[in-house]
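Student: Handing you this structure, nothing more for now.
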Amino acid sequence: MRRVVGVALMVDGLLAVYGFTTLLASLGSRDKASVAVIVVRAGAAALATIAGWLVTQRRPPGDGLAVTAAVVTAITVTIGMSGQLLPTNLSPDFRLPVALTYCAAALAVIAFVRRENRA
């Protein structure tokens with residue numbers, strides 16, 4: 001289970017950072033709120049990649065970083081999708097389910113870390 005959580009964090013982080021590299025040229029034409037959410041989400045994606053690696057390697061800081069990355073990612077995706085601050089090609093019908101999926105994933109990471117720390 002530890003490897004599944006770690007790999008999921010790494011894949012999400014790497015895909016998000018890759019997606020944001022295509023936005024670098026358009027940052028100058030975006031409003032400040034949109035740029036702020038993009039920068040925070042990109043930082044959370046980088047943190048998720050690092051946390052995923054640490055979780056798979058059973059390193060002590062990995063659990064805390066995983067929770068932080070998952071929560072920040074869920075918050076930024078929810079704000080970005082609901083306020084249309086994050087660029088997306090998703091249909092408006094799918095934005096809420098995607099945001100809820102990220103929130104559920106964050107809760108799953110929190111539950112995983114709490115269970116691991118109890119054992």
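Labeling convention for the structure tokens: chains A, B, ... as they appear, residues from 1 per chain, ligands from 1 in order of appearance.
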From a DSSP calculation on the backbone, collect every residue of chain A in alpha helix (DSSP H) and output the set as a PyMOL selection string.

Tutor: chain A and resi 2-21+32-56+60-82+92-118

Student: Residues near A:Val67, anyone? I mean within 10 Å using only C-alpha atoms, not counting same-chain ones fewer than 2 positions away, as a list in words.

Tutor: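 Non-adjacent residues within range: Ala48, Ala51, Gly62, Asp63, Gly64, Leu65, Ala69, Ala70, Val71, Val72, Thr73, Ala106, Leu107, Ala108, Val109, Ile110, Ala111, Phe112, Val113 and Arg114 of chain A.
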
Student: What is the atom CA of A:Arg95-atom CA of A:Ser29 distance in Å, reported with one decimal?

Tutor: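 It comes out at 23.2 Å.
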
Student: Could you name the residues that touch A:Ala99 at 7 Å or less, counting only C-alpha atoms, but leaving out those on the same chain fewer than 4 positions away, as a list in words?

Tutor: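 Returned residues: Ala74, Val77, Thr78, Met81, Arg95 and Cys103 of chain A.
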
Student: Keeping N, CA and C atoms for every residue in the selection just given, could you write it to a file as a CSV table (one decimal), in the first residue's frame?

Tutor:
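Generated output (selection.csv):
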```csv
chain,number,residue,atom,x,y,z
A,74,ALA,N,-5.4,19.3,-3.0
A,74,ALA,CA,-6.8,19.3,-3.0
A,74,ALA,C,-7.4,20.7,-2.9
A,77,VAL,N,-6.7,22.6,-6.3
A,77,VAL,CA,-7.6,22.1,-7.4
A,77,VAL,C,-9.0,22.5,-7.2
A,78,THR,N,-9.5,22.5,-5.9
A,78,THR,CA,-10.9,22.9,-5.7
A,78,THR,C,-11.1,24.3,-6.0
A,81,MET,N,-10.6,24.9,-9.9
A,81,MET,CA,-11.7,24.4,-10.7
A,81,MET,C,-13.0,25.2,-10.4
A,95,ARG,N,-15.8,19.3,-13.6
A,95,ARG,CA,-14.9,20.0,-12.8
A,95,ARG,C,-15.2,19.7,-11.3
A,103,CYS,N,-10.1,15.8,-3.3
A,103,CYS,CA,-10.4,15.9,-1.8
A,103,CYS,C,-10.4,14.5,-1.2
```

Student: Please determine, counting only C-alpha atoms, which residue among A:Thr101, A:Gln57, A:Thr21, A:Ser34 has the shortest atom-to-atom distance to A:Ile79.

Tutor: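 Using only C-alpha atoms, A:Ile79 sits closest to A:Ser34.
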
Student: For A:Ala33, please output as a VMD selection string all residues within 12 Å (counting only C-alpha atoms; exclusion window: fewer than 2 positions along the same chain).

Tutor: chain A and resid 27 29 to 31 35 to 40 76 79 to 80 83 to 86
